[in-house]
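Trainee: CSV, C-alpha atoms, file entry_23.csv:
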chain,number,residue,atom,x,y,z
A,1,MET,CA,22.5,60.8,-33.9
A,2,PRO,CA,19.8,60.4,-36.6
A,3,PHE,CA,19.7,56.9,-38.2
A,4,GLN,CA,19.7,58.2,-41.8
A,5,TYR,CA,23.2,59.8,-41.4
A,6,CYS,CA,24.7,56.3,-40.7
A,7,PHE,CA,24.1,55.3,-44.3
A,8,THR,CA,26.8,57.7,-45.4
A,9,MET,CA,29.2,56.7,-42.6
A,10,ASN,CA,31.0,53.5,-41.5
A,11,ARG,CA,30.1,50.7,-39.2
A,12,TRP,CA,31.3,52.6,-36.2
A,13,CYS,CA,28.4,55.0,-36.7
A,14,LEU,CA,26.0,52.1,-36.5
A,15,ALA,CA,27.6,50.8,-33.4
A,16,ILE,CA,27.3,54.2,-31.7
A,17,LEU,CA,23.7,54.4,-32.7
A,18,PHE,CA,23.0,50.9,-31.2
A,19,ILE,CA,24.7,51.9,-27.9
A,20,ASN,CA,22.6,55.1,-27.8
A,21,ILE,CA,19.4,53.1,-28.3
A,22,VAL,CA,20.4,50.7,-25.5
A,23,ILE,CA,21.2,53.5,-23.1
A,24,GLN,CA,18.0,55.3,-23.8
A,25,GLY,CA,16.1,52.0,-23.1
A,26,CYS,CA,17.9,51.6,-19.8
A,27,LEU,CA,17.2,55.2,-18.8
A,28,SER,CA,13.5,54.7,-19.7
A,29,GLN,CA,13.4,51.6,-17.5
A,30,ASN,CA,15.1,53.3,-14.6
A,31,GLY,CA,12.7,56.2,-15.1
A,32,LYS,CA,9.7,53.9,-14.8
A,33,GLU,CA,11.1,52.4,-11.5
A,34,CYS,CA,11.9,55.8,-10.1
A,35,THR,CA,8.7,57.6,-11.0
A,36,ASP,CA,7.3,59.5,-8.0
A,37,ILE,CA,10.2,58.2,-5.9
A,38,ASN,CA,9.1,60.5,-3.0
A,39,ASN,CA,6.0,58.4,-2.5
A,40,LEU,CA,7.4,55.0,-1.5
A,41,ASP,CA,4.5,52.5,-0.9
A,42,ASN,CA,5.1,48.8,-0.4
A,43,GLN,CA,4.4,47.9,-4.1
A,44,ARG,CA,7.0,50.4,-5.3
A,45,LEU,CA,9.5,49.1,-2.7
A,46,MET,CA,8.9,45.6,-3.9
A,47,SER,CA,9.9,46.6,-7.4
A,48,LEU,CA,12.9,48.6,-6.3
A,49,MET,CA,14.3,45.8,-4.0
A,50,LYS,CA,14.5,43.5,-7.0
A,51,ALA,CA,16.5,46.1,-8.9
A,52,ILE,CA,19.3,46.1,-6.3
A,53,VAL,CA,20.3,42.5,-6.8
A,54,PRO,CA,23.5,42.4,-8.8
A,55,GLU,CA,24.0,40.1,-11.8
A,56,LEU,CA,26.3,37.1,-11.3
A,57,GLU,CA,28.0,37.2,-14.7
A,58,GLY,CA,31.4,39.0,-15.1
A,59,LYS,CA,32.0,39.3,-11.3
A,60,ARG,CA,35.1,38.7,-9.3
A,61,LYS,CA,35.3,37.4,-5.7
A,62,GLY,CA,34.3,40.2,-3.4
A,63,ASP,CA,32.3,42.2,-6.0
A,64,ALA,CA,29.0,41.0,-4.4
A,65,GLY,CA,30.1,42.2,-1.0
A,66,LYS,CA,32.5,41.7,1.9
A,67,ILE,CA,30.4,41.8,5.1
A,68,GLY,CA,31.7,42.0,8.7
A,69,VAL,CA,29.9,40.8,11.8
A,70,ILE,CA,31.2,42.0,15.2
A,71,GLY,CA,29.8,40.1,18.1
A,72,GLY,CA,29.6,36.9,20.1
A,73,ALA,CA,30.7,35.9,23.5
A,74,THR,CA,31.3,32.7,25.5
A,75,GLU,CA,27.5,32.2,26.1
A,76,TYR,CA,26.4,33.7,22.8
A,77,THR,CA,27.8,32.0,19.7
A,78,GLY,CA,24.6,31.4,17.8
A,79,ALA,CA,23.7,35.1,17.2
A,80,PRO,CA,26.8,36.1,15.2
A,81,TYR,CA,26.7,32.8,13.3
A,82,PHE,CA,23.1,33.3,12.2
A,83,SER,CA,23.8,36.8,11.1
A,84,ALA,CA,27.0,35.9,9.3
A,85,ILE,CA,25.7,32.8,7.5
A,86,THR,CA,22.6,34.7,6.4
A,87,ALA,CA,24.7,37.5,4.9
A,88,LEU,CA,26.7,34.8,3.0
A,89,LYS,CA,23.7,32.8,1.8
A,90,VAL,CA,21.8,35.9,0.7
A,91,GLY,CA,24.7,36.6,-1.7
A,92,ALA,CA,27.7,38.2,-0.1
A,93,ASP,CA,31.0,36.8,-1.4
A,94,LEU,CA,32.9,36.9,1.8
A,95,VAL,CA,31.8,37.3,5.5
A,96,TYR,CA,34.2,38.0,8.3
A,97,VAL,CA,33.3,37.4,12.0
A,98,ILE,CA,35.3,39.3,14.7
A,99,THR,CA,34.5,37.6,18.0
A,100,THR,CA,36.0,36.6,21.3
A,101,GLU,CA,38.8,34.0,21.7
A,102,SER,CA,36.4,31.6,23.4
A,103,ALA,CA,33.6,32.0,20.8
A,104,ALA,CA,35.8,31.8,17.7
A,105,PRO,CA,36.4,28.0,17.6
A,106,VAL,CA,32.7,27.3,18.2
A,107,ILE,CA,31.6,29.6,15.4
A,108,LYS,CA,34.2,28.1,13.1
A,109,ALA,CA,32.8,24.6,13.9
A,110,TYR,CA,29.3,25.8,12.9
A,111,SER,CA,30.5,26.6,9.3
A,112,PRO,CA,33.8,26.4,7.4
A,113,ASP,CA,32.4,29.0,5.0
A,114,LEU,CA,32.9,31.9,7.5
A,115,ILE,CA,36.2,33.7,8.1
A,116,VAL,CA,36.4,34.0,11.9
A,117,TYR,CA,38.9,36.1,13.9
A,118,PRO,CA,39.3,35.8,17.7
A,119,TYR,CA,40.2,39.5,18.1
A,120,LEU,CA,37.3,40.9,20.1
A,121,ASN,CA,39.4,42.2,23.0
A,122,THR,CA,41.2,45.3,24.0
A,123,ASN,CA,44.6,43.8,23.3
A,124,THR,CA,44.0,43.4,19.6
A,125,VAL,CA,42.3,46.6,18.7
A,126,SER,CA,44.9,47.4,16.0
A,127,LYS,CA,44.1,44.0,14.3
A,128,ILE,CA,40.4,44.9,14.4
A,129,TYR,CA,41.0,48.3,12.8
A,130,SER,CA,43.1,46.7,10.0
A,131,LEU,CA,40.1,44.3,9.2
A,132,LEU,CA,37.5,47.1,9.1
A,133,ASN,CA,39.1,48.5,6.0
A,134,LYS,CA,38.3,45.5,3.9
A,135,MET,CA,34.6,45.3,4.9
A,136,ASP,CA,31.9,46.9,2.8
A,137,VAL,CA,29.2,46.9,5.5
A,138,ILE,CA,29.7,46.0,9.2
A,139,ILE,CA,27.1,44.5,11.4
A,140,ILE,CA,27.7,45.2,15.1
A,141,GLY,CA,25.9,43.7,18.1
A,142,PRO,CA,24.7,40.0,17.6
A,143,GLY,CA,25.6,38.1,20.8
A,144,LEU,CA,28.0,40.9,21.9
A,145,GLY,CA,27.2,40.9,25.6
A,146,ARG,CA,27.2,43.8,28.0
A,147,GLU,CA,30.4,43.6,29.9
A,148,GLU,CA,32.0,46.9,30.6
A,149,GLU,CA,35.2,46.1,28.9
A,150,THR,CA,33.3,45.0,25.8
A,151,LEU,CA,31.3,48.2,25.7
A,152,LYS,CA,34.4,50.3,25.9
A,153,LEU,CA,35.9,48.4,23.0
A,154,ILE,CA,32.7,48.8,20.9
A,155,TYR,CA,32.8,52.6,21.5
A,156,GLU,CA,36.3,52.6,20.1
A,157,ILE,CA,35.2,50.6,17.1
A,158,PHE,CA,32.3,53.0,16.5
A,159,ILE,CA,34.6,55.9,16.5
A,160,GLU,CA,37.0,54.2,14.0
A,161,CYS,CA,34.0,53.3,11.7
A,162,LYS,CA,32.9,56.9,11.8
A,163,LYS,CA,36.3,58.0,10.7
A,164,LEU,CA,36.3,55.5,7.9
A,165,ARG,CA,32.7,56.4,6.9
A,166,LYS,CA,31.7,52.7,7.1
A,167,PRO,CA,28.0,51.7,6.5
A,168,LEU,CA,26.8,50.0,9.7
A,169,VAL,CA,23.9,47.8,10.8
A,170,ILE,CA,23.5,47.9,14.6
A,171,ASP,CA,21.4,45.3,16.4
A,172,ALA,CA,20.9,43.7,19.8
A,173,ASP,CA,23.6,44.5,22.3
A,174,GLY,CA,25.1,47.0,19.9
A,175,LEU,CA,21.9,49.0,20.5
A,176,TYR,CA,22.4,48.6,24.2
A,177,ALA,CA,25.8,50.1,23.8
A,178,VAL,CA,24.3,53.0,21.9
A,179,SER,CA,21.7,53.6,24.6
A,180,LYS,CA,24.5,54.0,27.2
A,181,ASN,CA,26.6,56.4,25.1
A,182,LEU,CA,24.2,58.3,22.8
A,183,SER,CA,26.7,60.9,21.6
A,184,VAL,CA,29.2,58.4,20.2
A,185,LEU,CA,27.3,58.1,16.9
A,186,GLN,CA,25.8,61.5,16.6
A,187,ASN,CA,26.2,63.1,13.2
A,188,TYR,CA,27.4,59.9,11.7
A,189,PRO,CA,28.4,60.6,8.1
A,190,SER,CA,27.0,59.0,4.9
A,191,PRO,CA,26.4,56.3,3.8
A,192,GLY,CA,25.2,56.0,7.4
A,193,ILE,CA,23.7,53.5,9.9
A,194,ILE,CA,20.6,51.4,10.2
A,195,PHE,CA,19.4,50.5,13.7
A,196,THR,CA,17.2,47.4,14.0
A,197,PRO,CA,15.7,47.4,17.4
A,198,ASN,CA,12.7,45.4,18.5
A,199,TYR,CA,9.9,47.2,20.4
A,200,ARG,CA,11.6,47.0,23.8
A,201,GLU,CA,15.0,48.1,22.5
A,202,ALA,CA,13.4,51.0,20.7
A,203,ASN,CA,11.8,52.2,23.9
A,204,LYS,CA,15.1,52.0,25.7
A,205,LEU,CA,16.6,54.3,23.1
A,206,LYS,CA,13.7,56.7,23.4
A,207,GLN,CA,14.1,56.8,27.2
A,208,ALA,CA,17.8,57.4,26.9
A,209,ILE,CA,17.2,60.3,24.5
A,210,SER,CA,14.4,61.7,26.7
A,211,LEU,CA,12.6,63.0,23.6
A,212,ASN,CA,8.8,62.7,23.8
A,213,ASP,CA,8.1,63.4,20.2
A,214,SER,CA,7.7,61.3,17.1
A,215,ASN,CA,11.1,62.4,15.6
A,216,TRP,CA,13.3,60.7,18.2
A,217,PHE,CA,15.0,58.7,15.4
A,218,ASN,CA,16.5,62.0,14.1
A,219,TYR,CA,18.7,62.3,17.2
A,220,TRP,CA,21.8,60.8,15.4
A,221,GLY,CA,21.6,62.9,12.2
A,222,ASP,CA,20.3,62.6,8.7
A,223,TYR,CA,22.1,59.3,7.8
A,224,VAL,CA,20.9,57.2,10.7
A,225,THR,CA,17.7,55.3,10.2
A,226,VAL,CA,15.7,53.0,12.4
A,227,LEU,CA,13.7,49.8,11.8
A,228,VAL,CA,11.5,49.0,14.8
A,229,LYS,CA,10.6,45.3,14.5
A,230,GLY,CA,7.4,43.8,15.7
A,231,SER,CA,4.1,42.3,14.5
A,232,GLU,CA,4.2,45.3,12.2
A,233,ASP,CA,7.6,46.6,11.1
A,234,HIS,CA,8.0,50.4,11.2
A,235,TYR,CA,10.9,52.1,9.4
A,236,TYR,CA,11.9,55.7,10.1
A,237,SER,CA,14.1,57.9,7.9
A,238,SER,CA,15.1,61.5,8.1
A,239,ILE,CA,13.4,61.8,4.7
A,240,SER,CA,9.8,61.2,5.8
A,241,SER,CA,8.7,60.1,2.3
A,242,TYR,CA,11.1,57.1,2.6
A,243,SER,CA,9.6,55.9,5.9
A,244,TRP,CA,7.2,52.9,5.7
A,245,SER,CA,5.4,50.2,7.6
A,246,SER,CA,4.8,46.6,6.7
A,247,LYS,CA,3.3,43.5,8.3
A,248,TYR,CA,3.0,41.1,5.3
A,249,GLY,CA,4.3,37.6,5.9
A,250,GLY,CA,5.8,36.0,9.0
A,251,SER,CA,3.9,34.0,11.6
A,252,GLY,CA,3.0,34.1,15.3
A,253,ARG,CA,6.1,32.2,16.1
A,254,ARG,CA,8.6,34.9,17.3
A,255,VAL,CA,11.7,32.7,17.7
A,256,GLY,CA,14.9,34.0,19.2
A,257,GLY,CA,17.6,34.6,16.6
A,258,GLN,CA,15.2,35.8,13.9
A,259,GLY,CA,16.6,39.3,14.3
A,260,ASP,CA,20.1,38.0,13.6
A,261,ILE,CA,18.8,36.6,10.3
A,262,LEU,CA,17.4,40.1,9.5
A,263,SER,CA,20.7,41.8,10.4
A,264,GLY,CA,22.7,39.5,8.2
A,265,ALA,CA,20.4,39.8,5.2
A,266,LEU,CA,20.4,43.6,5.7
A,267,GLY,CA,24.2,43.8,5.6
A,268,THR,CA,24.3,42.2,2.2
A,269,LEU,CA,21.3,44.0,0.8
A,270,TYR,CA,22.5,47.4,2.1
A,271,ASN,CA,25.8,47.0,0.3
A,272,TRP,CA,24.0,46.1,-2.9
A,273,ALA,CA,21.7,49.1,-2.7
A,274,LEU,CA,24.6,51.5,-2.1
A,275,ASN,CA,26.6,50.1,-5.0
A,276,LEU,CA,23.7,50.3,-7.4
A,277,LYS,CA,22.8,53.9,-6.5
A,278,VAL,CA,19.1,53.3,-7.3
A,279,CYS,CA,17.5,56.4,-8.9
A,280,ASP,CA,19.3,59.6,-9.4
A,281,THR,CA,18.1,61.6,-6.5
A,282,GLY,CA,19.8,64.0,-4.0
A,283,ASN,CA,19.1,61.5,-1.2
A,284,ILE,CA,20.7,58.3,-2.6
A,285,PHE,CA,22.0,57.1,0.8
A,286,GLN,CA,18.6,57.4,2.6
A,287,LEU,CA,16.9,55.8,-0.4
A,288,ALA,CA,19.4,52.8,-0.3
A,289,GLN,CA,18.7,52.4,3.4
A,290,SER,CA,15.0,52.4,2.9
A,291,ILE,CA,14.9,49.9,0.1
A,292,SER,CA,17.5,47.5,1.6
A,293,THR,CA,15.7,47.6,5.0
A,294,PHE,CA,12.4,46.9,3.4
A,295,ALA,CA,13.9,44.0,1.5
A,296,ALA,CA,15.6,42.5,4.6
A,297,ALA,CA,12.4,42.8,6.6
A,298,ARG,CA,10.3,41.1,3.9
A,299,PHE,CA,12.9,38.5,3.4
A,300,THR,CA,13.1,37.5,7.1
A,301,ARG,CA,9.3,37.3,7.3
A,302,GLU,CA,9.2,35.1,4.2
A,303,CYS,CA,11.8,32.7,5.8
A,304,ASN,CA,9.7,32.6,9.0
A,305,TYR,CA,6.5,32.0,7.1
A,306,LYS,CA,7.9,29.2,4.9
A,307,ALA,CA,9.5,27.5,7.9
A,308,TYR,CA,6.4,27.8,10.0
A,309,LEU,CA,4.3,26.0,7.4
A,310,GLU,CA,6.5,22.9,8.0
A,311,TYR,CA,7.5,23.2,11.7
A,312,SER,CA,4.7,25.2,13.3
A,313,ARG,CA,5.4,25.7,17.0
A,314,SER,CA,8.6,23.8,16.9
A,315,LEU,CA,10.2,26.2,14.5
A,316,THR,CA,13.7,27.5,15.4
A,317,THR,CA,16.1,29.9,13.7
A,318,THR,CA,18.1,27.0,12.3
A,319,ASP,CA,14.9,25.9,10.5
A,320,MET,CA,14.6,29.3,8.9
A,321,LEU,CA,18.1,29.1,7.5
A,322,LYS,CA,16.8,26.1,5.3
A,323,TYR,CA,14.4,28.5,3.6
A,324,ILE,CA,16.8,31.2,2.6
A,325,HIS,CA,17.1,30.1,-1.0
A,326,ALA,CA,13.4,29.5,-1.5
A,327,SER,CA,12.5,32.9,0.1
A,328,PHE,CA,15.1,34.8,-1.9
A,329,GLU,CA,13.7,33.3,-5.2
A,330,SER,CA,10.1,34.0,-4.4
A,331,LEU,CA,10.8,37.7,-3.5
A,332,PHE,CA,13.7,38.7,-5.7
A,333,ASN,CA,13.1,36.8,-8.9
A,334,LYS,CA,12.4,39.6,-11.4
A,335,GLU,CA,10.0,37.3,-13.3
A,336,ASN,CA,7.7,37.0,-10.3
As structure tokens, please, write out the structure in this file.

Mentor:
Amino acid sequence: MPFQYCFTMNRWCLAILFINIVIQGCLSQNGKECTDINNLDNQRLMSLMKAIVPELEGKRKGDAGKIGVIGGATEYTGAPYFSAITALKVGADLVYVITTESAAPVIKAYSPDLIVYPYLNTNTVSKIYSLLNKMDVIIIGPGLGREEETLKLIYEIFIECKKLRKPLVIDADGLYAVSKNLSVLQNYPSPGIIFTPNYREANKLKQAISLNDSNWFNYWGDYVTVLVKGSEDHYYSSISSYSWSSKYGGSGRRVGGQGDILSGALGTLYNWALNLKVCDTGNIFQLAQSISTFAAARFTRECNYKAYLEYSRSLTTTDMLKYIHASFESLFNKEN
């Protein structure tokens, strides 16, 4: 609406004009961030990952994310805790942990901030299903174990998540379960899944598929992407222009549990990216996966780097948790 016409009209005309100016400004800003979106380099990904962080004002509990972690066993209580507490500290509002009856009281003792359910057994499948509905993103695998009964239960959970079209992050023993039943997640619908294997876990998946080509990661469909973690992280998407590699940050100290920090951070960041719908493209889900995975990988490396400066060879995953806030501020602060 031309400005001069407002002189002959009432104050509502001026209000409408102001709103239009604001909207055009926002569109211009988004357009700048999304220019040449099919050529994602690290610098562009750094800019986009800052854009997915939601504002805190005007929110209600749950708006910043309700993340689920499914894992843990008698001997593995640390992994689900590290994943869950990272998801919470990165910025999710609520984090639920579904674990075994023996692991639940231990994880509860680690932190009163986590909501822990002792339902990870075949006798309480219906209770697990009822909880899945309230979760925005579900992380499956940390400390899960490889017992036959556990794997059968996880396959049932996979199938239910597929029906519900739940976004998943699958790590650790969750990836082992996939390698033993490849078809259970084939053609998983959008928003999709992000696998986070290390180099050895990725090789086991490749061997299970028996594909000797560079596109092995496409086996599960268009909405399943893979981050192969290592000295250099490699991310593979069905949209080749959304694939990337990065080795910035981190240290030579490859401590056990670091992958759990990554999976937890990714759960929260993936949800944020999906909610924001960054850039108006026909591949919004794959773009959200690429941006959030890059953000989680960079964030984990930053935590490792900052903790290593203080602890050097004695660094543990618990030490990295202390640097979540500082790492988030240094990477996601839009003024940096």

Trainee: For stretch 292-298 of chain A, please output as a ChimeraX atom specification all residues within 9 Å (counting only C-alpha atoms; exclusion window: fewer than 6 positions along the same chain).

Mentor: /A:42,45-46,49-50,52,194,227,229,233,235,244-250,261-274,331-332

Trainee: What does the distance from atom CA of A:Trp220 to atom CA of A:Leu182 come to in Å, to one decimal?

Mentor: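 A separation of 8.2 Å between them.
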
Trainee: Rounded to one decimal in Å, what is the spacing between atom CA of A:Ala177 and atom CA of A:Ser237?

Mentor: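 Interatomic distance here is 21.2 Å.
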
Trainee: Quote the spacing between atom CA of A:Gln286 and atom CA of A:Asn39 in Å to one decimal place.

Mentor: 13.6 Å

Trainee: Can you pull out every residue within 12 Å of A:Ile128, counting only C-alpha atoms, but drop anything in the same chain fewer than 3 positions away, and send it as a compact mmCIF listing (two decimals) with C-alpha atoms, in the coordinates of the input?

Mentor:
# COMPACT_ATOMS: atom_id res chain seq x y z
CA GLY A 68 31.70 42.00 8.70
CA VAL A 69 29.90 40.80 11.80
CA ILE A 70 31.20 42.00 15.20
CA TYR A 96 34.20 38.00 8.30
CA VAL A 97 33.30 37.40 12.00
CA ILE A 98 35.30 39.30 14.70
CA THR A 99 34.50 37.60 18.00
CA THR A 100 36.00 36.60 21.30
CA VAL A 116 36.40 34.00 11.90
CA TYR A 117 38.90 36.10 13.90
CA PRO A 118 39.30 35.80 17.70
CA TYR A 119 40.20 39.50 18.10
CA LEU A 120 37.30 40.90 20.10
CA ASN A 121 39.40 42.20 23.00
CA THR A 122 41.20 45.30 24.00
CA ASN A 123 44.60 43.80 23.30
CA THR A 124 44.00 43.40 19.60
CA VAL A 125 42.30 46.60 18.70
CA LEU A 131 40.10 44.30 9.20
CA LEU A 132 37.50 47.10 9.10
CA ASN A 133 39.10 48.50 6.00
CA LYS A 134 38.30 45.50 3.90
CA MET A 135 34.60 45.30 4.90
CA ILE A 138 29.70 46.00 9.20
CA LEU A 153 35.90 48.40 23.00
CA ILE A 154 32.70 48.80 20.90
CA GLU A 156 36.30 52.60 20.10
CA ILE A 157 35.20 50.60 17.10
CA PHE A 158 32.30 53.00 16.50
CA GLU A 160 37.00 54.20 14.00
CA CYS A 161 34.00 53.30 11.70

Trainee: When distances are computed from all atoms listed in the file, which of A:Gln289, A:Glu310, A:Ile37, A:Asp280 shows the smallest separation from A:Phe195?

Mentor: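 Closest to A:Phe195, using all atoms listed in the file: A:Gln289.
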
Trainee: Within 12 Å of (16.5, 63.4, -5.2) in the file's own coordinates, which protein, DNA or RNA residues have an atom, counting only C-alpha atoms? List them as a list of chain:residue names.

Mentor: A:Cys34, A:Thr35, A:Asp36, A:Ile37, A:Asn38, A:Asn39, A:Ile239, A:Ser241, A:Tyr242, A:Lys277, A:Val278, A:Cys279, A:Asp280, A:Thr281, A:Gly282, A:Asn283, A:Ile284, A:Phe285, A:Gln286, A:Leu287

Trainee: Pick from A:Ala104, A:Leu88, A:Ala51, A:Cys303: nearest to A:Val255, with all atoms listed in the file counted?

Mentor: A:Cys303

Trainee: Ranking A:Leu48, A:Val106, A:Ala87, A:Ala92 by minimum distance to A:Gly72 and counting all atoms listed in the file, which one comes first?

Mentor: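 The answer is A:Val106, which sits nearest to A:Gly72.
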
Trainee: Counting all atoms listed in the file, figure out which residue out of A:Trp216, A:Tyr223, A:Tyr129, A:Tyr323 gets nearest to A:Asn187.

Mentor: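 Of A:Trp216, A:Tyr223, A:Tyr129, A:Tyr323, the one nearest A:Asn187, counting all atoms listed in the file, is A:Tyr223.
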